[in-house]
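Peer 1: My file is run_16.pdb. It has PDB, C-alpha atoms, pLDDT in the B column:
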```pdb
ATOM      1  CA  MET G   1      76.252  76.607  91.632  1.00 44.00           C
ATOM      2  CA  LYS G   2      73.969  78.468  94.048  1.00 46.00           C
ATOM      3  CA  LYS G   3      76.974  79.360  96.211  1.00 46.00           C
ATOM      4  CA  ILE G   4      78.803  80.799  93.218  1.00 46.00           C
ATOM      5  CA  LEU G   5      75.777  82.887  92.204  1.00 42.00           C
ATOM      6  CA  PHE G   6      75.382  84.100  95.779  1.00 46.00           C
ATOM      7  CA  PHE G   7      79.076  85.049  95.901  1.00 44.00           C
ATOM      8  CA  VAL G   8      78.891  86.937  92.582  1.00 42.00           C
ATOM      9  CA  ALA G   9      75.702  88.772  93.629  1.00 44.00           C
ATOM     10  CA  THR G  10      77.198  89.687  97.020  1.00 45.00           C
ATOM     11  CA  SER G  11      80.426  90.911  95.407  1.00 45.00           C
ATOM     12  CA  PHE G  12      78.461  93.059  92.965  1.00 42.00           C
ATOM     13  CA  LEU G  13      76.379  94.512  95.793  1.00 40.00           C
ATOM     14  CA  PHE G  14      79.445  95.483  97.846  1.00 44.00           C
ATOM     15  CA  SER G  15      81.248  96.946  94.830  1.00 42.00           C
ATOM     16  CA  SER G  16      78.132  99.032  94.097  1.00 40.00           C
ATOM     17  CA  PHE G  17      78.294 100.472  97.618  1.00 41.00           C
ATOM     18  CA  ALA G  18      81.968 101.287  97.076  1.00 44.00           C
ATOM     19  CA  PHE G  19      81.134 103.099  93.823  1.00 41.00           C
ATOM     20  CA  ALA G  20      78.405 105.150  95.477  1.00 45.00           C
ATOM     21  CA  GLN G  21      80.863 106.434  98.049  1.00 61.00           C
ATOM     22  CA  ARG G  22      83.380 107.630  95.418  1.00 71.00           C
ATOM     23  CA  GLU G  23      81.299 109.836  93.111  1.00 68.00           C
ATOM     24  CA  GLY G  24      82.104 113.544  93.489  1.00 75.00           C
ATOM     25  CA  ARG G  25      85.064 112.880  95.799  1.00 89.00           C
ATOM     26  CA  THR G  26      88.665 113.916  95.335  1.00 91.00           C
ATOM     27  CA  ARG G  27      91.417 111.896  96.934  1.00 92.00           C
ATOM     28  CA  PHE G  28      95.174 112.174  97.069  1.00 95.00           C
ATOM     29  CA  SER G  29      97.870 109.523  97.153  1.00 94.00           C
ATOM     30  CA  LEU G  30     101.596 109.418  97.826  1.00 96.00           C
ATOM     31  CA  GLY G  31     103.590 106.525  96.463  1.00 94.00           C
ATOM     32  CA  ALA G  32     106.927 104.821  96.074  1.00 96.00           C
ATOM     33  CA  GLU G  33     107.902 103.751  92.570  1.00 95.00           C
ATOM     34  CA  LEU G  34     110.129 101.067  91.109  1.00 95.00           C
ATOM     35  CA  GLY G  35     111.002 101.013  87.438  1.00 92.00           C
ATOM     36  CA  LEU G  36     112.951  98.871  85.034  1.00 91.00           C
ATOM     37  CA  ALA G  37     114.270 100.608  81.917  1.00 86.00           C
ATOM     38  CA  THR G  38     113.147  98.858  78.732  1.00 85.00           C
ATOM     39  CA  SER G  39     114.918 101.040  76.180  1.00 74.00           C
ATOM     40  CA  ASN G  40     118.238 102.799  75.721  1.00 65.00           C
ATOM     41  CA  PRO G  41     118.144 106.240  74.077  1.00 59.00           C
ATOM     42  CA  LEU G  42     121.943 106.114  73.649  1.00 56.00           C
ATOM     43  CA  SER G  43     122.127 102.706  71.966  1.00 53.00           C
ATOM     44  CA  VAL G  44     124.187 104.156  69.095  1.00 49.00           C
ATOM     45  CA  VAL G  45     127.048 105.076  71.456  1.00 52.00           C
ATOM     46  CA  PRO G  46     129.676 102.289  71.458  1.00 48.00           C
ATOM     47  CA  GLY G  47     129.914 100.472  74.799  1.00 53.00           C
ATOM     48  CA  ASN G  48     126.698 102.008  76.120  1.00 56.00           C
ATOM     49  CA  LYS G  49     124.787  99.485  78.277  1.00 61.00           C
ATOM     50  CA  GLY G  50     121.805 101.707  79.109  1.00 64.00           C
ATOM     51  CA  TRP G  51     120.014 101.920  82.421  1.00 73.00           C
ATOM     52  CA  GLY G  52     118.624  99.411  84.855  1.00 78.00           C
ATOM     53  CA  LEU G  53     116.568  99.740  88.010  1.00 87.00           C
ATOM     54  CA  GLY G  54     114.902 103.021  88.906  1.00 91.00           C
ATOM     55  CA  ILE G  55     113.483 104.224  92.222  1.00 95.00           C
ATOM     56  CA  GLY G  56     111.426 107.277  92.989  1.00 95.00           C
ATOM     57  CA  ALA G  57     108.320 108.818  94.505  1.00 96.00           C
ATOM     58  CA  SER G  58     105.120 110.408  93.243  1.00 96.00           C
ATOM     59  CA  ALA G  59     101.950 112.248  94.213  1.00 96.00           C
ATOM     60  CA  GLU G  60      98.563 111.939  92.524  1.00 95.00           C
ATOM     61  CA  ALA G  61      95.202 113.660  92.818  1.00 96.00           C
ATOM     62  CA  GLU G  62      92.148 111.726  91.627  1.00 93.00           C
ATOM     63  CA  HIS G  63      88.653 113.155  91.232  1.00 94.00           C
ATOM     64  CA  PHE G  64      85.664 110.867  90.643  1.00 92.00           C
ATOM     65  CA  TYR G  65      83.262 112.293  88.068  1.00 92.00           C
ATOM     66  CA  LYS G  66      81.067 109.210  87.970  1.00 90.00           C
ATOM     67  CA  GLN G  67      80.837 106.147  90.164  1.00 86.00           C
ATOM     68  CA  ASN G  68      83.433 104.304  88.108  1.00 91.00           C
ATOM     69  CA  LEU G  69      85.204 107.106  86.186  1.00 94.00           C
ATOM     70  CA  SER G  70      87.899 109.407  87.522  1.00 94.00           C
ATOM     71  CA  GLY G  71      90.344 112.025  86.302  1.00 95.00           C
ATOM     72  CA  THR G  72      93.928 112.142  87.578  1.00 95.00           C
ATOM     73  CA  ALA G  73      96.782 114.626  87.908  1.00 96.00           C
ATOM     74  CA  TYR G  74     100.210 113.119  88.584  1.00 96.00           C
ATOM     75  CA  VAL G  75     103.728 114.378  89.339  1.00 96.00           C
ATOM     76  CA  GLY G  76     106.759 112.358  90.360  1.00 95.00           C
ATOM     77  CA  VAL G  77     110.475 111.824  90.122  1.00 94.00           C
ATOM     78  CA  ILE G  78     112.301 108.598  89.310  1.00 93.00           C
ATOM     79  CA  SER G  79     116.009 108.006  88.809  1.00 90.00           C
ATOM     80  CA  TYR G  80     117.371 105.040  86.835  1.00 86.00           C
ATOM     81  CA  ALA G  81     120.848 103.735  87.692  1.00 82.00           C
ATOM     82  CA  GLY G  82     123.319 103.618  84.831  1.00 72.00           C
ATOM     83  CA  ARG G  83     124.830 100.277  83.844  1.00 64.00           C
ATOM     84  CA  SER G  84     128.574 100.080  83.432  1.00 60.00           C
ATOM     85  CA  ALA G  85     130.144  98.700  80.272  1.00 57.00           C
ATOM     86  CA  GLY G  86     133.478  98.114  81.930  1.00 58.00           C
ATOM     87  CA  SER G  87     135.854  99.850  84.284  1.00 57.00           C
ATOM     88  CA  ASN G  88     136.151 102.899  81.994  1.00 61.00           C
ATOM     89  CA  THR G  89     132.508 103.347  80.947  1.00 58.00           C
ATOM     90  CA  LYS G  90     129.715 104.045  83.449  1.00 63.00           C
ATOM     91  CA  ASN G  91     126.416 105.652  82.517  1.00 65.00           C
ATOM     92  CA  LYS G  92     125.241 108.332  84.879  1.00 72.00           C
ATOM     93  CA  ALA G  93     121.732 108.245  86.296  1.00 76.00           C
ATOM     94  CA  TYR G  94     118.805 108.985  83.997  1.00 80.00           C
ATOM     95  CA  THR G  95     116.326 111.081  85.981  1.00 86.00           C
ATOM     96  CA  VAL G  96     112.758 111.712  84.869  1.00 88.00           C
ATOM     97  CA  ILE G  97     110.230 114.155  86.319  1.00 91.00           C
ATOM     98  CA  PRO G  98     106.862 113.242  84.766  1.00 93.00           C
ATOM     99  CA  VAL G  99     103.902 115.638  84.898  1.00 95.00           C
ATOM    100  CA  ARG G 100     100.773 113.958  83.501  1.00 96.00           C
ATOM    101  CA  VAL G 101      96.969 114.045  83.492  1.00 97.00           C
ATOM    102  CA  GLY G 102      94.627 111.212  82.622  1.00 95.00           C
ATOM    103  CA  GLY G 103      91.823 109.032  83.835  1.00 95.00           C
ATOM    104  CA  ASN G 104      90.803 105.687  85.268  1.00 94.00           C
ATOM    105  CA  VAL G 105      87.854 103.387  84.706  1.00 96.00           C
ATOM    106  CA  TYR G 106      86.942 101.194  87.693  1.00 93.00           C
ATOM    107  CA  ALA G 107      85.399  97.737  87.927  1.00 92.00           C
ATOM    108  CA  GLY G 108      85.132  97.175  91.672  1.00 89.00           C
ATOM    109  CA  ASN G 109      88.606  97.779  93.077  1.00 89.00           C
ATOM    110  CA  LEU G 110      90.362  97.123  89.769  1.00 94.00           C
ATOM    111  CA  HIS G 111      91.162 100.125  87.574  1.00 94.00           C
ATOM    112  CA  LEU G 112      92.407 100.604  84.042  1.00 96.00           C
ATOM    113  CA  GLY G 113      93.736 103.950  82.961  1.00 95.00           C
ATOM    114  CA  ALA G 114      96.038 106.113  80.891  1.00 96.00           C
ATOM    115  CA  GLN G 115      97.864 109.396  81.335  1.00 96.00           C
ATOM    116  CA  ILE G 116      99.609 111.844  79.004  1.00 96.00           C
ATOM    117  CA  GLY G 117     101.817 114.845  79.657  1.00 94.00           C
ATOM    118  CA  VAL G 118     105.476 115.812  79.643  1.00 93.00           C
ATOM    119  CA  GLY G 119     108.606 114.259  81.048  1.00 90.00           C
ATOM    120  CA  LEU G 120     111.482 116.452  82.127  1.00 88.00           C
ATOM    121  CA  ASN G 121     114.381 114.094  81.421  1.00 83.00           C
ATOM    122  CA  SER G 122     117.948 114.609  82.599  1.00 80.00           C
ATOM    123  CA  MET G 123     121.039 112.547  81.845  1.00 71.00           C
ATOM    124  CA  SER G 124     124.759 113.298  81.962  1.00 67.00           C
ATOM    125  CA  GLY G 125     124.173 116.956  82.792  1.00 69.00           C
ATOM    126  CA  THR G 126     121.823 117.644  79.882  1.00 74.00           C
ATOM    127  CA  SER G 127     118.069 117.912  80.106  1.00 79.00           C
ATOM    128  CA  ALA G 128     115.240 117.692  77.607  1.00 82.00           C
ATOM    129  CA  THR G 129     111.463 117.685  77.575  1.00 88.00           C
ATOM    130  CA  ALA G 130     109.616 114.769  75.987  1.00 88.00           C
ATOM    131  CA  PHE G 131     106.003 113.762  75.409  1.00 92.00           C
ATOM    132  CA  ALA G 132     105.019 111.307  78.183  1.00 92.00           C
ATOM    133  CA  TYR G 133     102.383 108.566  77.997  1.00 95.00           C
ATOM    134  CA  THR G 134     101.448 105.879  80.506  1.00 95.00           C
ATOM    135  CA  PRO G 135      98.961 103.027  80.128  1.00 96.00           C
ATOM    136  CA  GLN G 136      98.317 101.372  83.503  1.00 96.00           C
ATOM    137  CA  ILE G 137      96.333  98.806  85.457  1.00 96.00           C
ATOM    138  CA  GLY G 138      95.912  98.846  89.223  1.00 94.00           C
ATOM    139  CA  TYR G 139      94.095  97.528  92.245  1.00 94.00           C
ATOM    140  CA  ASN G 140      92.868  99.303  95.416  1.00 90.00           C
ATOM    141  CA  PHE G 141      93.047  97.347  98.664  1.00 90.00           C
ATOM    142  CA  SER G 142      93.422  97.809 102.441  1.00 86.00           C
ATOM    143  CA  ARG G 143      96.201  96.744 104.763  1.00 85.00           C
ATOM    144  CA  ASN G 144      95.803  97.369 108.514  1.00 85.00           C
ATOM    145  CA  ASP G 145      92.890  99.728 107.754  1.00 85.00           C
ATOM    146  CA  LYS G 146      95.079 101.852 105.458  1.00 89.00           C
ATOM    147  CA  PRO G 147      93.762 102.251 101.883  1.00 91.00           C
ATOM    148  CA  LEU G 148      96.476 101.355  99.343  1.00 92.00           C
ATOM    149  CA  ASP G 149      96.791 101.199  95.573  1.00 92.00           C
ATOM    150  CA  LEU G 150      99.142  98.980  93.570  1.00 96.00           C
ATOM    151  CA  THR G 151      99.591  99.987  89.926  1.00 95.00           C
ATOM    152  CA  LEU G 152     101.528  98.299  87.121  1.00 97.00           C
ATOM    153  CA  LYS G 153     102.344 100.691  84.286  1.00 96.00           C
ATOM    154  CA  TYR G 154     104.495 101.436  81.278  1.00 95.00           C
ATOM    155  CA  ASP G 155     106.108 104.891  81.199  1.00 93.00           C
ATOM    156  CA  GLY G 156     107.009 106.002  77.693  1.00 90.00           C
ATOM    157  CA  TYR G 157     108.780 109.201  76.659  1.00 88.00           C
ATOM    158  CA  ALA G 158     108.720 110.089  72.957  1.00 88.00           C
ATOM    159  CA  GLY G 159     111.330 112.507  71.654  1.00 77.00           C
ATOM    160  CA  ASN G 160     114.945 113.174  72.540  1.00 68.00           C
ATOM    161  CA  GLY G 161     115.978 109.548  72.317  1.00 66.00           C
ATOM    162  CA  ASN G 162     112.724 107.762  73.233  1.00 78.00           C
ATOM    163  CA  PHE G 163     112.984 106.264  76.706  1.00 81.00           C
ATOM    164  CA  GLY G 164     110.640 103.649  78.205  1.00 87.00           C
ATOM    165  CA  ALA G 165     110.302 101.768  81.485  1.00 91.00           C
ATOM    166  CA  LEU G 166     108.048  99.218  83.104  1.00 94.00           C
ATOM    167  CA  GLY G 167     106.968 100.518  86.508  1.00 94.00           C
ATOM    168  CA  LEU G 168     105.279  99.527  89.725  1.00 96.00           C
ATOM    169  CA  ARG G 169     103.716 102.105  92.073  1.00 96.00           C
ATOM    170  CA  LEU G 170     102.587 101.326  95.625  1.00 95.00           C
ATOM    171  CA  SER G 171     100.771 104.269  97.159  1.00 94.00           C
ATOM    172  CA  ILE G 172      98.847 105.151 100.283  1.00 93.00           C
ATOM    173  CA  ILE G 173      95.539 106.882  99.644  1.00 91.00           C
ATOM    174  CA  LEU G 174      95.103 109.907 101.916  1.00 89.00           C
TER     175      LEU G 174
END
```
Show me the file's structure as structure tokens.

Peer 2:
Amino acid sequence: MKKILFFVATSFLFSSFAFAQREGRTRFSLGAELGLATSNPLSVVPGNKGWGLGIGASAEAEHFYKQNLSGTAYVGVISYAGRSAGSNTKNKAYTVIPVRVGGNVYAGNLHLGAQIGVGLNSMSGTSATAFAYTPQIGYNFSRNDKPLDLTLKYDGYAGNGNFGALGLRLSIIL
């Protein structure tokens, strides 16, 4: 029991030092994104199978207002591959350019956050703007002395068909 208490106290002490170093700082990150479409805005079209895996990239600026509270500005692009419904029917890519702002709350290296903004959505040669929202949970860590962040999120776009995707972002913190 004493070892567990010592471990918890030590962990808290080190996380407090990490918080103290963040307040007032702004940092930038560049990341690769993977997404899996969870909805089909064209489900009423006969033979439409929707979209599958998406890949993309993003950039984010994060400013720490308090030791464990930050504001974020995010821009990215992700393209979801269309699923075919047969030899005659193939969905074209569904491309999204999200522009969002939000915030994160930190507990050590773990963060919980949300962002809102707009998504510039394009499919089959037409484009539309939709309200974008993203709840997310992530973890900051180091690999070979490079600070990284891994974030699991849900990207939702309300309006013009309502599109949603479960996403994973791995970014390097600059």

Peer 1: Pick out the closest residue to Val105 in chain G from this set: G:Asn144, G:His63, G:Gly76, G:Asn121. Count all atoms listed in the file.

Peer 2: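 That would be G:His63, the residue with the smallest distance to Val105 in chain G.
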
Peer 1: Could you write out as a short mmCIF file (atom, residue, chain, number, x, y, z; two decimals) with C-alpha atoms, in the frame of the given file the residues that the PyMOL selection byres ((chain G and resi 34) around 9) matches in the shown file?

Peer 2:
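Final output, saved to selection21.cif:
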```cif
data_model
loop_
_atom_site.label_atom_id
_atom_site.label_comp_id
_atom_site.auth_asym_id
_atom_site.auth_seq_id
_atom_site.Cartn_x
_atom_site.Cartn_y
_atom_site.Cartn_z
CA ALA G 32 106.93 104.82 96.07
CA GLU G 33 107.90 103.75 92.57
CA GLY G 35 111.00 101.01 87.44
CA LEU G 36 112.95 98.87 85.03
CA LEU G 53 116.57 99.74 88.01
CA GLY G 54 114.90 103.02 88.91
CA ILE G 55 113.48 104.22 92.22
CA GLY G 56 111.43 107.28 92.99
CA ALA G 57 108.32 108.82 94.50
CA ILE G 78 112.30 108.60 89.31
CA LEU G 166 108.05 99.22 83.10
CA GLY G 167 106.97 100.52 86.51
CA LEU G 168 105.28 99.53 89.72
CA ARG G 169 103.72 102.10 92.07
CA LEU G 170 102.59 101.33 95.62
#
```

Peer 1: Under the rule that all atoms listed in the file are counted, which of G:Gly24, G:Gly156, G:Gly108, G:Gly31 is the nearest residue to Ala59 in chain G?

Peer 2: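 Looking at the shortest contact to Ala59 in chain G, the residue is G:Gly31.
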
Peer 1: I'd like the interatomic distance between CA of Gly159 in chain G and CA of Ser29 in chain G, to a tenth of an Å.

Peer 2: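 Result for CA of Gly159 in chain G versus CA of Ser29 in chain G: 29.0 Å, one decimal.
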
Peer 1: Give me the residues near Lys146 in chain G as a count of residues only, where near means some atom within 8 Å (using only C-alpha atoms) and where sequence neighbours in that chain fewer than 2 positions away do not count.

Peer 2: 6

Peer 1: Nearest to Ile97 in chain G: which of G:Gln67, G:Thr134, G:Ser79, G:Ser171 is it, counting only C-alpha atoms?

Peer 2: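 Residue with the minimum atom-to-atom distance to Ile97 in chain G: G:Ser79.
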
Peer 1: Expressed in Å to a single decimal, how great is the separation between CA of Val101 in chain G and CA of Thr72 in chain G?

Peer 2: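 Value for the CA of Val101 in chain G-CA of Thr72 in chain G distance: 5.4 Å.
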
Peer 1: Give me, please, the distance in Å between CA of Leu30 in chain G and CA of Gly102 in chain G, quoted to one decimal.

Peer 2: 16.8 Å

Peer 1: Pick from G:Val96, G:Leu150, G:Val77, G:Ala158: nearest to Ala132 in chain G, with all atoms listed in the file counted?

Peer 2: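 The shortest atom-to-atom distance to Ala132 in chain G comes from G:Ala158.
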
Peer 1: Which is closer to Asp149 in chain G than all the others in G:Phe28, G:Phe131, G:Phe163, G:Tyr80, using all atoms listed in the file?

Peer 2: G:Phe28

Peer 1: Skip Ala130 in chain G itself and residues of its chain fewer than 4 positions away, then list as a PDB file with C-alpha atoms, in the frame of the given file all residues within 7 Å of it, counting all atoms listed in the file.

Peer 2:
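The file below, part-v8.pdb, is the result:
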```
ATOM      1  CA  VAL G 118     105.476 115.812  79.643  1.00 93.00           C
ATOM      2  CA  GLY G 119     108.606 114.259  81.048  1.00 90.00           C
ATOM      3  CA  LEU G 120     111.482 116.452  82.127  1.00 88.00           C
ATOM      4  CA  TYR G 157     108.780 109.201  76.659  1.00 88.00           C
ATOM      5  CA  ALA G 158     108.720 110.089  72.957  1.00 88.00           C
ATOM      6  CA  GLY G 159     111.330 112.507  71.654  1.00 77.00           C
ATOM      7  CA  ASN G 160     114.945 113.174  72.540  1.00 68.00           C
TER       8      ASN G 160
END
```

Peer 1: Using only C-alpha atoms, determine which residues lie at most 6 Å from Asn104 in chain G, disregarding the query and same-chain residues fewer than 6 positions distant; provide the list as a ChimeraX atom specification.

Peer 2: /G:69-70,112-113

Peer 1: May I ask which of the residues G:Pro147, G:Gly103, G:Gly71, G:Pro98 is the closest one to Ala128 in chain G, counting only C-alpha atoms?

Peer 2: G:Pro98

Peer 1: Identify, on the basis of all atoms listed in the file, every residue whose closest approach to Ile137 in chain G does not exceed 6 Å; exclude the query and any residue fewer than 3 positions from it along the same chain; express the result as an MDAnalysis selection string.

Peer 2: chainID G and resid 111:112 151:152
